[in-house]
Structures are given as structure tokens and as C-alpha cells.
$ cat data_0.txt   # compact mmCIF, N, CA and C atoms
# COMPACT_ATOMS: atom_id res chain seq x y z
N LEU T 1292 59.65 56.93 -16.74
CA LEU T 1292 59.60 56.61 -15.33
C LEU T 1292 61.03 56.53 -14.82
N PHE T 1293 61.32 57.29 -13.81
CA PHE T 1293 62.65 57.32 -13.20
C PHE T 1293 62.44 56.98 -11.73
N VAL T 1294 63.04 55.91 -11.25
CA VAL T 1294 62.76 55.40 -9.91
C VAL T 1294 63.98 55.58 -9.01
N VAL T 1295 63.74 56.16 -7.83
CA VAL T 1295 64.76 56.27 -6.79
C VAL T 1295 64.17 55.59 -5.56
N ARG T 1296 64.83 54.55 -5.07
CA ARG T 1296 64.28 53.80 -3.94
C ARG T 1296 65.23 53.82 -2.76
N VAL T 1297 64.68 54.12 -1.61
CA VAL T 1297 65.43 54.03 -0.35
C VAL T 1297 64.47 53.55 0.74
N ALA T 1298 65.02 52.91 1.74
CA ALA T 1298 64.19 52.43 2.85
C ALA T 1298 63.44 53.59 3.48
N GLY T 1299 62.15 53.41 3.71
CA GLY T 1299 61.35 54.44 4.34
C GLY T 1299 61.09 55.65 3.47
N ASN T 1300 61.37 55.53 2.17
CA ASN T 1300 61.25 56.63 1.19
C ASN T 1300 61.72 57.97 1.75
N VAL T 1301 62.84 57.93 2.46
CA VAL T 1301 63.35 59.14 3.09
C VAL T 1301 64.12 60.00 2.09
N VAL T 1302 64.08 61.30 2.33
CA VAL T 1302 64.81 62.26 1.51
C VAL T 1302 65.76 63.07 2.37
N THR T 1303 65.28 63.51 3.54
CA THR T 1303 66.11 64.29 4.45
C THR T 1303 67.35 63.50 4.84
N ASN T 1304 68.50 64.12 4.75
CA ASN T 1304 69.79 63.51 5.08
C ASN T 1304 70.11 62.28 4.25
N ALA T 1305 69.45 62.11 3.10
CA ALA T 1305 69.70 60.95 2.25
C ALA T 1305 70.95 61.15 1.39
N GLY T 1306 71.50 62.36 1.41
CA GLY T 1306 72.76 62.60 0.73
C GLY T 1306 72.62 62.98 -0.73
N PRO T 1307 73.76 63.22 -1.35
CA PRO T 1307 73.76 63.72 -2.72
C PRO T 1307 73.28 62.70 -3.75
N VAL T 1308 73.32 61.42 -3.43
CA VAL T 1308 72.89 60.43 -4.41
C VAL T 1308 71.38 60.50 -4.61
N VAL T 1309 70.61 60.56 -3.52
CA VAL T 1309 69.15 60.64 -3.65
C VAL T 1309 68.75 62.01 -4.20
N LYS T 1310 69.24 63.09 -3.57
CA LYS T 1310 68.89 64.43 -4.04
C LYS T 1310 69.35 64.63 -5.47
N GLY T 1311 70.57 64.22 -5.76
CA GLY T 1311 71.10 64.37 -7.12
C GLY T 1311 70.31 63.57 -8.14
N SER T 1312 69.83 62.40 -7.76
CA SER T 1312 69.02 61.59 -8.68
C SER T 1312 67.71 62.29 -8.99
N LEU T 1313 67.07 62.86 -7.96
CA LEU T 1313 65.82 63.60 -8.19
C LEU T 1313 66.07 64.83 -9.05
N GLU T 1314 67.15 65.55 -8.75
CA GLU T 1314 67.48 66.74 -9.54
C GLU T 1314 67.79 66.36 -10.99
N PHE T 1315 68.50 65.27 -11.18
CA PHE T 1315 68.82 64.80 -12.53
C PHE T 1315 67.54 64.47 -13.31
N ALA T 1316 66.61 63.78 -12.66
CA ALA T 1316 65.35 63.42 -13.32
C ALA T 1316 64.60 64.66 -13.77
N VAL T 1317 64.60 65.70 -12.95
CA VAL T 1317 63.85 66.92 -13.27
C VAL T 1317 64.62 67.80 -14.25
N ALA T 1318 65.87 68.13 -13.91
CA ALA T 1318 66.63 69.11 -14.71
C ALA T 1318 67.13 68.54 -16.03
N GLU T 1319 67.53 67.30 -16.04
CA GLU T 1319 68.14 66.73 -17.25
C GLU T 1319 67.19 65.89 -18.08
N LEU T 1320 66.28 65.17 -17.41
CA LEU T 1320 65.38 64.27 -18.14
C LEU T 1320 63.99 64.85 -18.35
N GLY T 1321 63.70 65.98 -17.70
CA GLY T 1321 62.42 66.64 -17.92
C GLY T 1321 61.26 66.08 -17.14
N ALA T 1322 61.52 65.30 -16.09
CA ALA T 1322 60.42 64.79 -15.27
C ALA T 1322 59.65 65.96 -14.67
N ARG T 1323 58.34 65.88 -14.67
CA ARG T 1323 57.51 66.96 -14.14
C ARG T 1323 56.58 66.50 -13.03
N LEU T 1324 56.75 65.26 -12.60
CA LEU T 1324 56.00 64.73 -11.47
C LEU T 1324 56.94 63.86 -10.65
N ILE T 1325 57.00 64.14 -9.36
CA ILE T 1325 57.67 63.25 -8.42
C ILE T 1325 56.58 62.71 -7.52
N LEU T 1326 56.49 61.39 -7.46
CA LEU T 1326 55.52 60.74 -6.58
C LEU T 1326 56.29 60.02 -5.49
N VAL T 1327 56.13 60.49 -4.27
CA VAL T 1327 56.69 59.81 -3.11
C VAL T 1327 55.70 58.71 -2.77
N LEU T 1328 56.13 57.48 -2.88
CA LEU T 1328 55.22 56.36 -2.72
C LEU T 1328 55.64 55.48 -1.55
N GLY T 1329 54.94 55.65 -0.43
CA GLY T 1329 55.13 54.74 0.69
C GLY T 1329 54.32 53.49 0.44
N HIS T 1330 54.41 52.53 1.33
CA HIS T 1330 53.59 51.33 1.17
C HIS T 1330 53.14 50.82 2.53
N SER T 1331 52.05 50.09 2.50
CA SER T 1331 51.49 49.54 3.74
C SER T 1331 52.51 48.61 4.39
N ALA T 1332 52.41 48.50 5.70
CA ALA T 1332 53.26 47.59 6.48
C ALA T 1332 54.76 47.85 6.25
N CYS T 1333 55.13 49.09 6.07
CA CYS T 1333 56.52 49.46 5.79
C CYS T 1333 57.45 49.02 6.93
N GLY T 1334 58.42 48.20 6.61
CA GLY T 1334 59.35 47.69 7.61
C GLY T 1334 60.19 48.78 8.24
N ALA T 1335 60.61 49.77 7.44
CA ALA T 1335 61.43 50.86 7.99
C ALA T 1335 60.63 51.67 9.01
N VAL T 1336 59.37 51.93 8.71
CA VAL T 1336 58.52 52.67 9.63
C VAL T 1336 58.25 51.85 10.89
N LYS T 1337 57.94 50.56 10.70
CA LYS T 1337 57.70 49.69 11.86
C LYS T 1337 58.93 49.67 12.77
N ALA T 1338 60.10 49.51 12.17
CA ALA T 1338 61.34 49.47 12.95
C ALA T 1338 61.57 50.80 13.66
N ALA T 1339 61.31 51.91 12.96
CA ALA T 1339 61.49 53.22 13.59
C ALA T 1339 60.58 53.36 14.81
N ILE T 1340 59.33 52.99 14.67
CA ILE T 1340 58.39 53.08 15.79
C ILE T 1340 58.88 52.23 16.96
N THR T 1341 59.25 51.00 16.68
CA THR T 1341 59.71 50.09 17.73
C THR T 1341 60.93 50.64 18.45
N HIS T 1342 61.91 51.09 17.69
CA HIS T 1342 63.16 51.54 18.31
C HIS T 1342 63.02 52.90 18.99
N ILE T 1343 62.14 53.73 18.49
CA ILE T 1343 61.87 55.00 19.18
C ILE T 1343 61.15 54.71 20.50
N ASP T 1344 60.15 53.83 20.46
CA ASP T 1344 59.43 53.48 21.69
C ASP T 1344 60.35 52.83 22.72
N ASN T 1345 61.27 51.98 22.25
CA ASN T 1345 62.18 51.27 23.16
C ASN T 1345 63.42 52.07 23.52
N LYS T 1346 63.59 53.21 22.86
CA LYS T 1346 64.78 54.06 23.09
C LYS T 1346 66.08 53.29 22.90
N ASP T 1347 66.10 52.42 21.89
CA ASP T 1347 67.29 51.63 21.56
C ASP T 1347 68.33 52.50 20.86
N VAL T 1348 69.55 52.04 20.88
CA VAL T 1348 70.60 52.61 20.05
C VAL T 1348 70.89 51.57 18.98
N LEU T 1349 70.83 51.98 17.75
CA LEU T 1349 70.97 51.04 16.64
C LEU T 1349 72.36 51.12 16.01
N PRO T 1350 72.83 50.04 15.44
CA PRO T 1350 74.17 50.04 14.85
C PRO T 1350 74.23 50.74 13.49
N GLY T 1351 75.43 51.13 13.14
CA GLY T 1351 75.69 51.69 11.82
C GLY T 1351 74.81 52.88 11.51
N SER T 1352 74.37 52.97 10.28
CA SER T 1352 73.54 54.09 9.82
C SER T 1352 72.06 53.86 10.03
N ILE T 1353 71.69 52.73 10.63
CA ILE T 1353 70.26 52.46 10.87
C ILE T 1353 69.69 53.53 11.80
N GLU T 1354 70.47 53.96 12.78
CA GLU T 1354 70.01 55.01 13.69
C GLU T 1354 69.68 56.29 12.92
N GLY T 1355 70.50 56.61 11.92
CA GLY T 1355 70.25 57.80 11.10
C GLY T 1355 68.96 57.68 10.31
N LEU T 1356 68.66 56.49 9.82
CA LEU T 1356 67.41 56.25 9.11
C LEU T 1356 66.22 56.45 10.05
N VAL T 1357 66.31 55.88 11.24
CA VAL T 1357 65.25 56.04 12.24
C VAL T 1357 65.08 57.52 12.59
N ASP T 1358 66.18 58.25 12.72
CA ASP T 1358 66.11 59.67 13.07
C ASP T 1358 65.35 60.48 12.01
N VAL T 1359 65.48 60.08 10.76
CA VAL T 1359 64.78 60.80 9.69
C VAL T 1359 63.28 60.52 9.76
N ILE T 1360 62.89 59.34 10.19
CA ILE T 1360 61.47 58.98 10.29
C ILE T 1360 60.87 59.49 11.61
N ARG T 1361 61.69 59.78 12.59
CA ARG T 1361 61.24 60.22 13.92
C ARG T 1361 60.21 61.36 13.88
N PRO T 1362 60.38 62.41 13.07
CA PRO T 1362 59.37 63.48 13.05
C PRO T 1362 57.99 62.99 12.61
N ALA T 1363 57.94 62.02 11.72
CA ALA T 1363 56.65 61.48 11.29
C ALA T 1363 55.99 60.71 12.42
N VAL T 1364 56.81 60.03 13.24
CA VAL T 1364 56.27 59.32 14.40
C VAL T 1364 55.64 60.33 15.35
N SER T 1365 56.32 61.45 15.56
CA SER T 1365 55.77 62.51 16.42
C SER T 1365 54.49 63.10 15.84
N ASP T 1366 54.49 63.36 14.52
CA ASP T 1366 53.32 63.95 13.87
C ASP T 1366 52.09 63.05 13.99
N ALA T 1367 52.30 61.75 13.95
CA ALA T 1367 51.18 60.80 13.97
C ALA T 1367 50.73 60.44 15.38
N ALA T 1368 51.48 60.85 16.38
CA ALA T 1368 51.15 60.50 17.76
C ALA T 1368 49.75 60.98 18.12
N GLY T 1369 48.98 60.10 18.73
CA GLY T 1369 47.65 60.45 19.20
C GLY T 1369 46.57 60.42 18.14
N GLN T 1370 46.91 60.13 16.90
CA GLN T 1370 45.89 60.05 15.85
C GLN T 1370 45.09 58.75 15.99
N PRO T 1371 43.80 58.80 15.69
CA PRO T 1371 43.02 57.56 15.74
C PRO T 1371 43.44 56.63 14.59
N GLY T 1372 43.22 55.36 14.77
CA GLY T 1372 43.53 54.40 13.72
C GLY T 1372 44.84 53.68 13.97
N ASP T 1373 45.32 53.02 12.95
CA ASP T 1373 46.53 52.21 13.03
C ASP T 1373 47.78 53.09 13.07
N LYS T 1374 48.59 52.90 14.10
CA LYS T 1374 49.77 53.74 14.30
C LYS T 1374 50.75 53.64 13.13
N VAL T 1375 51.01 52.43 12.67
CA VAL T 1375 51.97 52.25 11.57
C VAL T 1375 51.47 52.96 10.31
N GLU T 1376 50.22 52.77 9.98
CA GLU T 1376 49.67 53.40 8.78
C GLU T 1376 49.67 54.92 8.91
N ASN T 1377 49.38 55.42 10.09
CA ASN T 1377 49.41 56.88 10.31
C ASN T 1377 50.82 57.44 10.14
N VAL T 1378 51.82 56.71 10.64
CA VAL T 1378 53.21 57.18 10.50
C VAL T 1378 53.65 57.08 9.04
N ILE T 1379 53.25 56.03 8.35
CA ILE T 1379 53.58 55.90 6.92
C ILE T 1379 53.08 57.13 6.17
N LYS T 1380 51.84 57.51 6.39
CA LYS T 1380 51.27 58.67 5.71
C LYS T 1380 51.97 59.97 6.12
N ALA T 1381 52.23 60.12 7.41
CA ALA T 1381 52.93 61.32 7.88
C ALA T 1381 54.32 61.41 7.27
N ASN T 1382 54.99 60.28 7.15
CA ASN T 1382 56.33 60.24 6.57
C ASN T 1382 56.30 60.63 5.09
N VAL T 1383 55.33 60.12 4.36
CA VAL T 1383 55.19 60.48 2.94
C VAL T 1383 54.96 61.98 2.81
N ARG T 1384 54.07 62.52 3.63
CA ARG T 1384 53.79 63.96 3.57
C ARG T 1384 55.04 64.79 3.88
N LYS T 1385 55.83 64.36 4.86
CA LYS T 1385 57.07 65.06 5.20
C LYS T 1385 58.04 65.03 4.02
N CYS T 1386 58.14 63.88 3.38
CA CYS T 1386 59.03 63.75 2.23
C CYS T 1386 58.60 64.66 1.08
N VAL T 1387 57.30 64.74 0.84
CA VAL T 1387 56.78 65.63 -0.21
C VAL T 1387 57.20 67.07 0.08
N GLN T 1388 56.99 67.51 1.30
CA GLN T 1388 57.35 68.88 1.67
C GLN T 1388 58.85 69.12 1.57
N THR T 1389 59.63 68.14 1.96
CA THR T 1389 61.08 68.26 1.86
C THR T 1389 61.51 68.43 0.41
N ILE T 1390 60.99 67.60 -0.47
CA ILE T 1390 61.36 67.68 -1.88
C ILE T 1390 61.00 69.04 -2.47
N LYS T 1391 59.82 69.54 -2.14
CA LYS T 1391 59.40 70.85 -2.65
C LYS T 1391 60.33 71.97 -2.22
N GLY T 1392 61.07 71.78 -1.14
CA GLY T 1392 61.94 72.82 -0.64
C GLY T 1392 63.42 72.61 -0.92
N LEU T 1393 63.77 71.59 -1.69
CA LEU T 1393 65.19 71.31 -1.94
C LEU T 1393 65.78 72.27 -2.97
N ASP T 1394 66.60 73.16 -2.49
CA ASP T 1394 67.31 74.10 -3.36
C ASP T 1394 68.53 73.42 -3.97
N PRO T 1395 68.98 73.85 -5.09
CA PRO T 1395 68.44 74.95 -5.88
C PRO T 1395 67.44 74.50 -6.94
N ILE T 1396 67.46 73.24 -7.33
CA ILE T 1396 66.72 72.80 -8.52
C ILE T 1396 65.25 72.49 -8.23
N LEU T 1397 65.00 71.60 -7.28
CA LEU T 1397 63.64 71.12 -7.07
C LEU T 1397 62.72 72.22 -6.53
N ALA T 1398 63.22 73.03 -5.62
CA ALA T 1398 62.41 74.13 -5.09
C ALA T 1398 62.04 75.11 -6.20
N LYS T 1399 62.97 75.38 -7.08
CA LYS T 1399 62.71 76.30 -8.19
C LYS T 1399 61.60 75.76 -9.10
N PHE T 1400 61.72 74.51 -9.51
CA PHE T 1400 60.72 73.92 -10.40
C PHE T 1400 59.37 73.76 -9.71
N ALA T 1401 59.37 73.35 -8.45
CA ALA T 1401 58.11 73.19 -7.71
C ALA T 1401 57.47 74.55 -7.47
N GLY T 1402 58.27 75.54 -7.12
CA GLY T 1402 57.76 76.89 -6.85
C GLY T 1402 57.14 77.54 -8.06
N SER T 1403 57.69 77.25 -9.25
CA SER T 1403 57.17 77.85 -10.48
C SER T 1403 55.97 77.09 -11.02
N GLY T 1404 55.67 75.94 -10.44
CA GLY T 1404 54.55 75.12 -10.93
C GLY T 1404 54.94 74.16 -12.04
N GLU T 1405 56.22 74.18 -12.44
CA GLU T 1405 56.67 73.27 -13.50
C GLU T 1405 56.79 71.83 -13.00
N LEU T 1406 56.91 71.66 -11.69
CA LEU T 1406 57.06 70.34 -11.09
C LEU T 1406 55.97 70.13 -10.07
N LYS T 1407 55.29 69.00 -10.16
CA LYS T 1407 54.32 68.61 -9.15
C LYS T 1407 54.96 67.53 -8.29
N VAL T 1408 54.82 67.68 -6.99
CA VAL T 1408 55.31 66.68 -6.05
C VAL T 1408 54.11 66.19 -5.26
N ALA T 1409 53.84 64.91 -5.35
CA ALA T 1409 52.67 64.33 -4.70
C ALA T 1409 53.10 63.12 -3.88
N GLY T 1410 52.22 62.70 -2.99
CA GLY T 1410 52.49 61.55 -2.17
C GLY T 1410 51.36 60.55 -2.21
N GLY T 1411 51.71 59.30 -2.02
CA GLY T 1411 50.71 58.25 -2.00
C GLY T 1411 51.19 57.08 -1.18
N VAL T 1412 50.26 56.18 -0.90
CA VAL T 1412 50.58 54.95 -0.17
C VAL T 1412 50.03 53.78 -0.97
N TYR T 1413 50.91 52.86 -1.29
CA TYR T 1413 50.56 51.64 -2.02
C TYR T 1413 50.15 50.57 -1.02
N ASP T 1414 48.97 50.01 -1.20
CA ASP T 1414 48.49 48.94 -0.33
C ASP T 1414 48.96 47.60 -0.91
N LEU T 1415 49.81 46.92 -0.16
CA LEU T 1415 50.40 45.67 -0.65
C LEU T 1415 49.36 44.58 -0.91
N LYS T 1416 48.27 44.59 -0.16
CA LYS T 1416 47.24 43.55 -0.32
C LYS T 1416 46.35 43.79 -1.53
N SER T 1417 45.89 45.03 -1.69
CA SER T 1417 44.92 45.31 -2.75
C SER T 1417 45.56 45.78 -4.06
N GLY T 1418 46.78 46.31 -3.96
CA GLY T 1418 47.42 46.87 -5.14
C GLY T 1418 46.96 48.30 -5.44
N GLN T 1419 46.12 48.84 -4.58
CA GLN T 1419 45.61 50.20 -4.76
C GLN T 1419 46.57 51.23 -4.21
N VAL T 1420 46.59 52.40 -4.83
CA VAL T 1420 47.38 53.53 -4.35
C VAL T 1420 46.42 54.61 -3.86
N GLU T 1421 46.61 55.01 -2.62
CA GLU T 1421 45.85 56.14 -2.06
C GLU T 1421 46.70 57.38 -2.21
N ILE T 1422 46.23 58.35 -3.01
CA ILE T 1422 46.94 59.61 -3.15
C ILE T 1422 46.59 60.48 -1.95
N LEU T 1423 47.63 61.00 -1.30
CA LEU T 1423 47.43 61.81 -0.10
C LEU T 1423 47.27 63.27 -0.48
N ASP T 1424 46.63 64.04 0.42
CA ASP T 1424 46.43 65.47 0.18
C ASP T 1424 47.75 66.21 0.22
$ encode --input "data_0.txt" --output "C-alpha cells"
Amino acid sequence: LFVVRVAGNVVTNAGPVVKGSLEFAVAELGARLILVLGHSACGAVKAAITHIDNKDVLPGSIEGLVDVIRPAVSDAAGQPGDKVENVIKANVRKCVQTIKGLDPILAKFAGSGELKVAGGVYDLKSGQVEILD
């Protein structure tokens, strides 16, 4: 088990440390499954929704984090159900797709079928993980 944790489980614009860690796990350690695991009531997603809705400007790199989650907020717009949970799932799906396309290492392994990239959401109350399509 090789764990890489960042707020909002973001990958896009996360820099060489996150991408390099994933590449290291696959190329050097032989990992063949990457599971992007969001969780219920995600604070990063809640904050992104709030600040996008309020059109705030955030200090430091927080704005950059919100910008990475912004496409998931757009994808989930208008969906029935809980807005936060819908954005959490959309964000996980976006991260899965991003990882599958990261050249040169992850895209190669995912494209050949040697690497599976999946997404899920951990429910903090029940302890259950819902694997997403």
C-alpha cells in the first residue's frame, strides 16, 4: 500500500511531488492499482463550492486548490441529490481520468492495461466505500 494524500484528492496542477509519487509507486514499486478515494463531507469540496458560489478570492495557494475542483463543481451542477456528494464523486472521476492520461509513465501503464485506475468514495459514518464507475 502506497498512500499519497492531498486536500480534495486533486492531481491536476498538484506538481511533481504528487505525480512523481504516483509514478514512483507504479514504475519502481510495481503498484498495479491506483484508487482515488474521496470521502463524504469533504472539506476541500465544501470550501470550493462555497467560494465558487460567493466568487471570493482566496489567499495563498487555496485559490489554486479551488480552481482544480472547479470543473467538478460545473460537472455536478443541476444533478439531483446532495450537491456536495455529487461534486465529491465528479471530482474523483476527474482525478481518475487525469491519472490515466499522465504521460509518460501512468498513461503508458494504464493504456496497456498493466495499471488499473479506479475511484471511490469513503463514507465517514458507515465506513463503506462506494466504488464509482
$ atom_distance --input "data_0.txt" --atom1 "atom N of T:Gly1355" --atom2 "atom C of T:Gly1372"
25.9 Å
$ atom_distance --input "data_0.txt" --atom1 "atom CA of T:Phe1315" --atom2 "atom N of T:Gly1329"
20.6 Å
$ closest_residue --input "data_0.txt" --among "T:Glu1376, T:Asp1347, T:Glu1319, T:Asp1414" --to "T:Ala1363" --atoms "only C-alpha atoms"
T:Glu1376
$ select_by_dssp --input "data_0.txt" --residues "chain T" --states "helix (DSSP H, G or I)" --output "PyMOL selection string"
chain T and resi 1298-1300+1306-1319+1334-1345+1353-1367+1374-1391+1396-1403
$ residues_around --input "data_0.txt" --residues "stretch 1304-1308 of chain T" --least-positions-apart "4" --cutoff "8 Å" --atoms "all atoms listed in the file" --output "PyMOL selection string"
chain T and resi 1312-1314+1355+1359
$ select_by_dssp --input "data_0.txt" --residues "chain T" --states "strand (DSSP E or B)" --output "ChimeraX atom specification"
/T:1324-1330,1407-1413,1420-1422
$ closest_residue --input "data_0.txt" --among "T:Thr1341, T:Glu1354, T:Val1420, T:Val1309" --to "T:Arg1296" --atoms "all atoms listed in the file"
T:Val1309
$ closest_residue --input "data_0.txt" --among "T:Ala1298, T:Ala1401, T:Leu1324, T:Ala1367" --to "T:Lys1385" --atoms "only C-alpha atoms"
T:Ala1367
$ residues_around --input "data_0.txt" --residues "T:Val1412" --least-positions-apart "6" --cutoff "8 Å" --atoms "only N, CA and C atoms" --output "PyMOL selection string"
chain T and resi 1327-1331+1379-1380+1383+1418-1423
$ atom_distance --input "data_0.txt" --atom1 "atom CA of T:Ser1417" --atom2 "atom N of T:Ala1335"
19.2 Å
$ closest_residue --input "data_0.txt" --among "T:Ile1325, T:Val1297, T:Val1364, T:Val1302" --to "T:Thr1389" --atoms "all atoms listed in the file"
T:Val1302
$ residues_around --input "data_0.txt" --residues "T:Lys1337" --least-positions-apart "5" --cutoff "10 Å" --atoms "only C-alpha atoms" --output "ChimeraX atom specification"
/T:1299,1332,1342-1343,1357,1374-1376,1378-1379
$ closest_residue --input "data_0.txt" --among "T:Ala1339, T:Leu1349, T:Leu1292, T:Asn1377" --to "T:Arg1323" --atoms "only C-alpha atoms"
T:Leu1292
$ closest_residue --input "data_0.txt" --among "T:Cys1386, T:Val1294, T:Ala1368, T:Val1348" --to "T:Val1408" --atoms "all atoms listed in the file"
T:Cys1386
